[in-house]
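Content type mmCIF, C-alpha atoms and all ligand atoms, from the file my_file_24.cif:
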data_model
#
loop_
_atom_site.label_atom_id
_atom_site.label_comp_id
_atom_site.auth_asym_id
_atom_site.auth_seq_id
_atom_site.Cartn_x
_atom_site.Cartn_y
_atom_site.Cartn_z
CA MET A 1 0.00 0.00 0.00
CA ASN A 2 3.00 2.28 -0.51
CA ALA A 3 1.30 4.16 -3.34
CA PHE A 4 -1.04 5.74 -0.74
CA LYS A 5 1.88 7.82 0.56
CA SER A 6 3.13 8.77 -2.89
CA SER A 7 2.75 12.29 -4.28
CA TRP A 8 2.24 10.82 -7.75
CA GLN A 9 -0.79 9.41 -9.48
CA HIS A 10 -0.98 5.65 -10.07
CA THR A 11 -2.89 3.32 -12.34
CA LEU A 12 -3.00 -0.45 -12.74
CA SER A 13 -0.21 -2.18 -14.62
CA HIS A 14 -2.81 -4.33 -16.42
CA ALA A 15 -6.50 -5.20 -16.33
CA VAL A 16 -7.93 -7.38 -13.55
CA GLN A 17 -11.29 -9.07 -13.26
CA GLY A 18 -13.45 -10.15 -10.35
CA TRP A 19 -16.83 -11.82 -10.29
CA GLY A 20 -19.32 -12.89 -7.70
CA VAL A 21 -22.80 -12.32 -6.31
CA GLY A 22 -24.33 -8.93 -5.57
CA LEU A 23 -25.24 -8.61 -1.88
CA HIS A 24 -28.56 -6.86 -2.49
CA SER A 25 -29.58 -8.01 -5.98
CA GLY A 26 -28.39 -11.61 -5.71
CA ALA A 27 -27.24 -11.25 -9.34
CA ALA A 28 -24.01 -12.77 -10.70
CA VAL A 29 -21.81 -9.82 -11.66
CA CYS A 30 -18.50 -9.48 -13.48
CA VAL A 31 -16.27 -6.45 -12.81
CA THR A 32 -13.23 -5.53 -14.91
CA LEU A 33 -10.73 -2.88 -13.80
CA GLN A 34 -8.54 -1.36 -16.50
CA PRO A 35 -5.70 1.17 -16.47
CA MET A 36 -6.54 4.77 -17.41
CA PRO A 37 -4.33 7.67 -18.52
CA VAL A 38 -2.98 10.25 -16.12
CA ASP A 39 -5.53 12.78 -14.75
CA SER A 40 -8.48 10.53 -15.71
CA GLY A 41 -9.79 9.74 -12.22
CA LEU A 42 -12.25 6.97 -11.38
CA TRP A 43 -14.56 5.98 -14.25
CA LEU A 44 -17.50 3.63 -14.31
CA GLU A 45 -18.64 1.77 -17.40
CA HIS A 46 -22.04 0.33 -16.58
CA VAL A 47 -23.27 -2.43 -18.85
CA PRO A 48 -26.90 -3.12 -17.85
CA PRO A 49 -28.34 -6.31 -19.35
CA ALA A 50 -31.26 -4.64 -21.16
CA SER A 51 -30.24 -1.01 -21.77
CA PRO A 52 -27.40 0.92 -23.40
CA LYS A 53 -23.95 1.10 -21.86
CA ARG A 54 -23.18 4.19 -19.74
CA PHE A 55 -19.73 5.64 -19.14
CA PHE A 56 -19.19 8.36 -16.55
CA ARG A 57 -16.80 9.64 -13.93
CA LEU A 58 -17.37 8.87 -10.24
CA SER A 59 -17.84 12.14 -8.37
CA PRO A 60 -20.18 13.74 -5.81
CA LYS A 61 -22.50 14.48 -8.75
CA THR A 62 -22.85 10.83 -9.75
CA CYS A 63 -22.60 9.02 -6.37
CA ARG A 64 -24.96 9.00 -3.45
CA GLY A 65 -25.07 7.27 -0.09
CA GLY A 66 -28.21 5.22 0.55
CA PHE A 67 -29.67 3.36 3.49
CA MET A 68 -27.62 0.18 2.99
CA ALA A 69 -24.98 1.03 0.38
CA THR A 70 -23.56 3.67 -1.95
CA GLN A 71 -24.72 3.92 -5.55
CA ALA A 72 -23.55 5.60 -8.75
CA VAL A 73 -25.99 6.85 -11.37
CA ALA A 74 -25.06 8.32 -14.75
CA PRO A 75 -25.36 12.14 -14.87
CA GLY A 76 -28.68 13.46 -16.08
CA LYS A 77 -30.49 10.27 -15.16
CA GLY A 78 -33.42 10.75 -12.83
CA ALA A 79 -34.94 8.60 -10.14
CA GLY A 80 -35.82 5.10 -11.22
CA VAL A 81 -32.87 4.77 -13.60
CA GLU A 82 -30.81 1.78 -12.65
CA GLY A 83 -27.37 2.61 -11.32
CA VAL A 84 -24.53 0.57 -9.90
CA GLY A 85 -24.88 -0.28 -6.21
CA THR A 86 -22.55 -1.35 -3.39
CA LEU A 87 -19.56 0.68 -4.63
CA GLU A 88 -18.02 1.18 -1.21
CA HIS A 89 -15.84 -1.89 -0.69
CA LEU A 90 -14.18 -1.75 -4.11
CA LEU A 91 -13.66 2.01 -3.73
CA ALA A 92 -12.15 1.46 -0.26
CA ALA A 93 -9.64 -0.95 -1.83
CA CYS A 94 -8.78 1.58 -4.58
CA HIS A 95 -8.42 4.40 -2.02
CA LEU A 96 -6.29 2.25 0.29
CA VAL A 97 -3.80 1.05 -2.32
CA GLY A 98 -3.53 4.50 -3.96
CA LEU A 99 -5.16 3.74 -7.33
CA ASP A 100 -6.08 7.13 -8.89
CA ASN A 101 -6.92 6.37 -12.50
CA VAL A 102 -9.06 3.35 -13.35
CA ASN A 103 -12.00 2.31 -15.50
CA ILE A 104 -14.41 0.00 -13.67
CA THR A 105 -16.66 -1.98 -16.02
CA VAL A 106 -19.65 -3.48 -14.22
CA GLU A 107 -21.78 -6.05 -16.04
CA GLY A 108 -24.70 -6.07 -13.64
CA PRO A 109 -26.55 -3.99 -11.05
CA GLU A 110 -23.91 -3.82 -8.30
CA ILE A 111 -20.33 -4.59 -7.34
CA PRO A 112 -20.14 -8.22 -6.10
CA ILE A 113 -19.80 -8.68 -2.36
CA LEU A 114 -16.95 -11.27 -2.57
CA ASP A 115 -15.54 -11.70 0.98
CA GLY A 116 -17.91 -9.14 2.53
CA GLY A 117 -15.10 -6.58 2.83
CA ALA A 118 -12.33 -5.21 0.61
CA TRP A 119 -9.49 -7.64 1.20
CA LEU A 120 -9.98 -9.70 -2.00
CA TRP A 121 -10.08 -6.48 -4.05
CA VAL A 122 -6.91 -5.25 -2.31
CA GLN A 123 -5.15 -8.51 -3.09
CA MET A 124 -6.28 -8.37 -6.72
CA LEU A 125 -5.01 -4.80 -7.14
CA GLN A 126 -1.73 -5.52 -5.39
CA THR A 127 -1.14 -8.69 -7.41
CA ALA A 128 -1.69 -6.77 -10.65
CA GLY A 129 0.58 -4.00 -9.37
CA LEU A 130 0.35 -0.23 -9.71
CA VAL A 131 2.43 1.98 -11.96
CA LYS A 132 3.43 5.56 -11.23
CA GLN A 133 2.21 8.22 -13.67
CA PRO A 134 3.87 11.55 -14.49
CA SER A 135 1.47 13.92 -12.68
CA LYS A 136 0.95 14.80 -9.02
CA ARG A 137 -1.99 13.22 -7.20
CA CYS A 138 -5.26 15.17 -6.83
CA LEU A 139 -6.34 15.56 -3.22
CA THR A 140 -9.47 16.63 -1.39
CA ARG A 141 -8.83 18.05 2.07
CA PRO A 142 -11.33 19.80 4.35
CA THR A 143 -10.28 23.42 4.81
CA SER A 144 -12.40 23.92 7.94
CA LYS A 145 -14.67 21.80 10.16
CA ILE A 146 -17.73 20.24 8.52
CA ARG A 147 -20.44 18.48 10.54
CA VAL A 148 -23.42 16.53 9.25
CA GLU A 149 -26.07 15.01 11.49
CA ALA A 150 -29.03 12.63 11.44
CA ALA A 151 -31.59 11.35 13.96
CA HIS A 152 -31.79 14.77 15.65
CA GLY A 153 -28.06 14.85 16.28
CA GLN A 154 -27.82 11.32 17.68
CA ALA A 155 -25.76 10.28 14.65
CA TRP A 156 -23.07 12.57 13.27
CA LEU A 157 -19.95 12.77 11.17
CA GLU A 158 -17.29 15.48 11.14
CA ALA A 159 -14.43 16.40 8.82
CA HIS A 160 -11.44 18.43 10.02
CA PRO A 161 -8.39 19.73 8.15
CA PRO A 162 -5.16 17.75 8.57
CA LEU A 163 -2.91 18.80 11.44
CA PRO A 164 0.08 20.97 10.47
CA GLY A 165 2.78 18.78 8.97
CA GLN A 166 0.31 15.93 8.35
CA GLU A 167 -1.17 17.10 5.07
CA GLY A 168 -0.66 13.62 3.58
CA VAL A 169 -2.40 11.79 6.45
CA LEU A 170 -5.96 10.45 6.48
CA SER A 171 -7.35 9.50 9.89
CA LEU A 172 -10.77 7.99 10.53
CA SER A 173 -12.23 7.57 14.02
CA LEU A 174 -15.65 5.97 14.47
CA THR A 175 -17.89 4.87 17.31
CA ILE A 176 -20.95 2.66 16.91
CA ASP A 177 -23.56 1.96 19.58
CA PHE A 178 -26.14 -0.77 19.12
CA PRO A 179 -28.68 -1.49 21.87
CA HIS A 180 -27.86 -5.19 22.17
CA GLU A 181 -24.81 -7.18 23.19
CA ALA A 182 -24.32 -8.82 19.78
CA ILE A 183 -22.69 -5.56 18.65
CA GLY A 184 -22.92 -3.05 21.51
CA ARG A 185 -20.67 0.01 21.67
CA GLN A 186 -17.37 -0.12 19.79
CA ARG A 187 -14.75 2.43 18.80
CA ALA A 188 -11.85 2.19 16.37
CA PHE A 189 -9.58 4.43 14.38
CA LEU A 190 -7.42 4.10 11.32
CA VAL A 191 -4.45 6.25 10.32
CA LEU A 192 -3.14 6.08 6.74
CA GLY A 193 -0.15 7.86 5.26
CA GLN A 194 1.48 8.44 8.60
CA ARG A 195 5.05 9.66 8.29
CA SER A 196 6.33 7.97 11.42
CA ALA A 197 5.01 5.01 13.39
CA SER A 198 6.17 6.71 16.58
CA GLU A 199 3.76 9.63 16.25
CA PRO A 200 1.33 9.73 19.18
CA LEU A 201 -2.02 8.14 18.33
CA LEU A 202 -5.17 8.59 20.33
CA GLY A 203 -4.07 6.41 23.26
CA THR A 204 -5.18 3.02 21.91
CA PRO A 205 -3.76 0.86 19.10
CA PRO A 206 -5.07 1.88 15.67
CA THR A 207 -6.86 -0.53 13.37
CA GLN A 208 -4.43 -2.13 10.94
CA PRO A 209 -5.31 -1.57 7.25
CA LYS A 210 -5.52 -5.33 6.61
CA THR A 211 -7.88 -5.82 9.59
CA MET A 212 -10.10 -3.03 8.30
CA ALA A 213 -10.09 -4.38 4.74
CA ALA A 214 -10.89 -7.95 5.83
CA SER A 215 -13.82 -7.01 8.09
CA ARG A 216 -17.16 -8.28 6.84
CA THR A 217 -20.38 -6.45 6.28
CA PHE A 218 -23.07 -7.10 8.90
CA VAL A 219 -26.78 -7.08 9.51
CA GLU A 220 -29.06 -7.48 12.51
CA ARG A 221 -31.00 -10.74 12.32
CA GLY A 222 -34.31 -9.02 13.04
CA ALA A 223 -33.91 -6.78 9.98
CA ILE A 224 -33.36 -9.52 7.40
CA VAL A 225 -37.00 -10.33 6.60
CA ALA A 226 -37.88 -6.66 6.05
CA LEU A 227 -34.78 -6.13 3.90
CA GLN A 228 -35.47 -9.13 1.72
CA SER A 229 -39.13 -8.28 1.29
CA SER A 230 -38.03 -4.84 0.02
CA GLY A 231 -35.71 -6.49 -2.53
CA ARG A 232 -32.44 -6.08 -0.61
CA ALA A 233 -29.92 -8.51 0.89
CA LEU A 234 -31.10 -11.15 -1.62
CA GLY A 235 -27.51 -12.32 -2.17
CA GLY A 236 -26.58 -12.31 1.52
CA SER A 237 -25.01 -15.37 3.11
CA LEU A 238 -23.06 -16.32 6.23
CA ALA A 239 -20.00 -16.73 4.00
CA HIS A 240 -19.59 -12.96 3.68
CA ALA A 241 -21.96 -11.26 6.15
CA LEU A 242 -22.05 -11.27 9.94
CA VAL A 243 -25.57 -11.77 11.26
CA ALA A 244 -25.95 -10.29 14.74
CA ASP A 245 -28.65 -12.05 16.75
CA GLU A 246 -30.21 -9.50 19.10
CA SER A 247 -31.77 -12.10 21.41
CA SER A 248 -28.73 -14.33 22.01
CA GLY A 249 -26.29 -11.41 22.05
CA THR A 250 -23.92 -13.01 19.56
CA VAL A 251 -23.60 -13.72 15.84
CA ILE A 252 -25.03 -16.82 14.20
CA ASN A 253 -21.95 -17.27 11.96
CA PRO A 254 -20.24 -20.56 12.87
CA GLY A 255 -16.78 -18.95 13.08
CA GLY A 256 -17.96 -16.03 15.24
CA VAL A 257 -16.70 -12.44 15.08
CA ARG A 258 -13.06 -11.63 14.43
CA TRP A 259 -10.75 -9.30 16.29
CA GLY A 260 -12.20 -9.56 19.76
CA GLY A 261 -15.70 -8.74 18.56
CA GLN A 262 -14.57 -5.45 16.96
CA GLU A 263 -15.15 -6.57 13.35
CA PHE A 264 -18.32 -4.44 13.16
CA VAL A 265 -16.63 -1.10 13.80
CA HIS A 266 -13.64 -2.05 11.66
CA HIS A 267 -16.09 -2.61 8.80
CA LYS A 268 -17.58 0.84 9.40
CA LEU A 269 -14.10 2.31 8.87
CA LEU A 270 -13.93 0.41 5.59
CA ASP A 271 -17.30 1.81 4.44
CA LEU A 272 -16.23 5.38 5.27
CA LEU A 273 -12.90 4.97 3.47
CA GLY A 274 -14.76 3.79 0.36
CA ASP A 275 -17.49 6.41 0.53
CA LEU A 276 -14.93 9.22 0.85
CA TYR A 277 -13.48 8.12 -2.49
CA THR A 278 -16.77 9.13 -4.17
CA THR A 279 -15.29 12.64 -4.03
CA GLY A 280 -13.33 11.31 -7.03
CA ASN A 281 -10.04 12.29 -5.37
CA ALA A 282 -7.80 10.86 -2.70
CA VAL A 283 -8.95 12.35 0.62
CA ARG A 284 -6.72 13.57 3.43
CA GLY A 285 -7.67 15.08 6.78
CA ARG A 286 -9.31 13.95 10.01
CA PHE A 287 -12.75 12.37 10.13
CA GLU A 288 -14.72 11.41 13.22
CA GLY A 289 -18.20 9.94 13.51
CA PHE A 290 -20.79 8.49 15.85
CA CYS A 291 -23.33 5.93 14.59
CA SER A 292 -22.76 7.11 11.02
CA GLY A 293 -23.55 5.15 7.86
CA HIS A 294 -23.68 5.52 4.09
CA ARG A 295 -26.24 8.34 4.10
CA LEU A 296 -24.18 10.50 6.46
CA ASN A 297 -21.00 9.58 4.61
CA GLY A 298 -22.67 10.73 1.39
CA ALA A 299 -23.90 13.96 3.01
CA LEU A 300 -20.36 14.69 4.18
CA VAL A 301 -19.00 14.09 0.68
CA GLN A 302 -21.57 16.54 -0.70
CA ALA A 303 -20.53 19.13 1.90
CA LEU A 304 -16.85 18.54 1.10
CA ALA A 305 -17.62 19.09 -2.57
CA GLN A 306 -19.06 22.51 -1.69
CA GLN A 307 -15.98 23.45 0.31
CA ALA A 308 -12.92 21.93 -1.33
CA PRO A 309 -11.75 22.12 -4.93
CA MET A 310 -12.78 19.02 -6.88
CA TRP A 311 -11.50 17.45 -10.06
CA PRO A 312 -10.40 18.85 -12.47
CA THR A 313 -9.41 21.85 -10.31
CA CYS A 314 -8.23 19.75 -7.39
CA THR A 315 -5.29 20.52 -5.14
CA LYS A 316 -2.20 18.68 -6.32
CA MET A 317 0.07 17.18 -3.69
ZN ZN A 401 -19.79 -2.26 3.92
#

Write out the structure in this file as structure tokens.
Amino acid sequence: MNAFKSSWQHTLSHAVQGWGVGLHSGAAVCVTLQPMPVDSGLWLEHVPPASPKRFFRLSPKTCRGGFMATQAVAPGKGAGVEGVGTLEHLLAACHLVGLDNVNITVEGPEIPILDGGAWLWVQMLQTAGLVKQPSKRCLTRPTSKIRVEAAHGQAWLEAHPPLPGQEGVLSLSLTIDFPHEAIGRQRAFLVLGQRSASEPLLGTPPTQPKTMAASRTFVERGAIVALQSSGRALGGSLAHALVADESSGTVINPGGVRWGGQEFVHHKLLDLLGDLYTTGNAVRGRFEGFCSGHRLNGALVQALAQQAPMWPTCTKM
């Protein structure tokens, strides 16, 4: 993941392909990632089965955070037009490894869920390898505090500018609080692009990037019937999703929860890292949230887009 710290843009050395089942649609989906020229950014080529192909850049104008996932819809397309769902884990992998310029071809309604996190995508990208390109990386950094809220302030997410001397650092700090023991209250933080491992961190060990990337998506058992009757979670399985059982206070997955039960909050870090990449640029700065999810992540991205220069007038490193 050394390219994350680089000042230079990177693309893939060659095309890679992944396929699997969509978490919400249950559809079999093939995704192909191809190199793109310098200063291209993140592009999506959507190939729906029964309508014309669409090709557009991922940005705050084309991406939005929903209840369960983040979706991209071609510009100018109104409500009801099919987009590409569940972008967040693949985008987290791209953000983490430092992949700036890529074309993502999606033959289906959403990015496949694979391992429930981003680790398989990270491995695919790292195995292919990244190549440095001859232009400085575009960055989005908050220039002053931004706060977005939901549930009358009971859920919130804040963005803060980087600390002096840490302009290349991205730190994410999240707390979740569920009213049952299966998840409960958990806090974790992730620091990427740190110049020195000896810098003081918030008093507790940070989440390792691999732990974050390998953490699975999750759902509360009591919500599954309602989700599936509204056409979501149709591709869900215990192979890639933690199912938290509110009554027993544990998960029903045979292997249990990883990392001392903290897999839930680690996965929330992963979702935020991916959603921040819908700015279309690598993001740096400090982010802190409480009970936040894709909708708040998307609202923060929209607020960032109002404040910070975006592609093609982004701040170069
Ligand atoms: Zn997720």

Considering all atoms listed in the file, tabulate each residue of chain A that lies at most 12 Å from ligand ZN 401 (chain A) along with its nearest interatomic pair and the corresponding distance in Å to one decimal; arrange the rows by chain and ascending residue number and present them as a Markdown table.
| residue | atom | partner | partner_atom | distance |
| --- | --- | --- | --- | --- |
| A:Leu23 | CA | A:ZN401 | ZN | 10.2 |
| A:His24 | CA | A:ZN401 | ZN | 11.8 |
| A:Gly65 | CA | A:ZN401 | ZN | 11.6 |
| A:Gly66 | CA | A:ZN401 | ZN | 11.8 |
| A:Phe67 | CA | A:ZN401 | ZN | 11.4 |
| A:Met68 | CA | A:ZN401 | ZN | 8.3 |
| A:Ala69 | CA | A:ZN401 | ZN | 7.1 |
| A:Thr70 | CA | A:ZN401 | ZN | 9.2 |
| A:Gly85 | CA | A:ZN401 | ZN | 11.5 |
| A:Thr86 | CA | A:ZN401 | ZN | 7.9 |
| A:Leu87 | CA | A:ZN401 | ZN | 9.0 |
| A:Glu88 | CA | A:ZN401 | ZN | 6.4 |
| A:His89 | CA | A:ZN401 | ZN | 6.1 |
| A:Leu90 | CA | A:ZN401 | ZN | 9.8 |
| A:Leu91 | CA | A:ZN401 | ZN | 10.7 |
| A:Ala92 | CA | A:ZN401 | ZN | 9.5 |
| A:Ala93 | CA | A:ZN401 | ZN | 11.7 |
| A:Ile111 | CA | A:ZN401 | ZN | 11.5 |
| A:Pro112 | CA | A:ZN401 | ZN | 11.7 |
| A:Ile113 | CA | A:ZN401 | ZN | 9.0 |
| A:Leu114 | CA | A:ZN401 | ZN | 11.5 |
| A:Asp115 | CA | A:ZN401 | ZN | 10.8 |
| A:Gly116 | CA | A:ZN401 | ZN | 7.3 |
| A:Gly117 | CA | A:ZN401 | ZN | 6.5 |
| A:Ala118 | CA | A:ZN401 | ZN | 8.7 |
| A:Trp119 | CA | A:ZN401 | ZN | 11.9 |
| A:Met212 | CA | A:ZN401 | ZN | 10.7 |
| A:Ala213 | CA | A:ZN401 | ZN | 10.0 |
| A:Ala214 | CA | A:ZN401 | ZN | 10.7 |
| A:Ser215 | CA | A:ZN401 | ZN | 8.7 |
| A:Arg216 | CA | A:ZN401 | ZN | 7.2 |
| A:Thr217 | CA | A:ZN401 | ZN | 4.8 |
| A:Phe218 | CA | A:ZN401 | ZN | 7.7 |
| A:Val219 | CA | A:ZN401 | ZN | 10.2 |
| A:His240 | CA | A:ZN401 | ZN | 10.7 |
| A:Ala241 | CA | A:ZN401 | ZN | 9.5 |
| A:Leu242 | CA | A:ZN401 | ZN | 11.1 |
| A:Glu263 | CA | A:ZN401 | ZN | 11.4 |
| A:Phe264 | CA | A:ZN401 | ZN | 9.6 |
| A:Val265 | CA | A:ZN401 | ZN | 10.4 |
| A:His266 | CA | A:ZN401 | ZN | 9.9 |
| A:His267 | CA | A:ZN401 | ZN | 6.1 |
| A:Lys268 | CA | A:ZN401 | ZN | 6.7 |
| A:Leu269 | CA | A:ZN401 | ZN | 8.8 |
| A:Leu270 | CA | A:ZN401 | ZN | 6.7 |
| A:Asp271 | CA | A:ZN401 | ZN | 4.8 |
| A:Leu272 | CA | A:ZN401 | ZN | 8.5 |
| A:Leu273 | CA | A:ZN401 | ZN | 10.0 |
| A:Gly274 | CA | A:ZN401 | ZN | 8.6 |
| A:Asp275 | CA | A:ZN401 | ZN | 9.6 |
| A:Gly293 | CA | A:ZN401 | ZN | 9.2 |
| A:His294 | CA | A:ZN401 | ZN | 8.7 |
| A:Asn297 | CA | A:ZN401 | ZN | 11.9 |

Taking the point (-2.4, 8.6, -9.4) as given in the file, collect each protein or nucleic acid residue that comes within 9 Å of it, counting only C-alpha atoms, and present the set as number ranges by chain.
-> A: 3, 6-11, 38-41, 98-101, 131-138, 282

Quick one, how far is atom CA of A:Ser171 from atom CA of A:Ala155?
-> 19.0 Å

What separation in Å, quoted to one decimal, exists between atom CA of A:Leu12 and atom CA of A:Thr105?
-> 14.1 Å

Interatomic distance, atom CA of A:Glu158 to atom CA of A:Glu288 (Å, one decimal) = 5.2 Å

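With distances restricted to all atoms listed in the file, A:Leu170 is the closest residue to A:Leu96 from A:Ala308, A:Leu170, A:Val84, A:Ala233.
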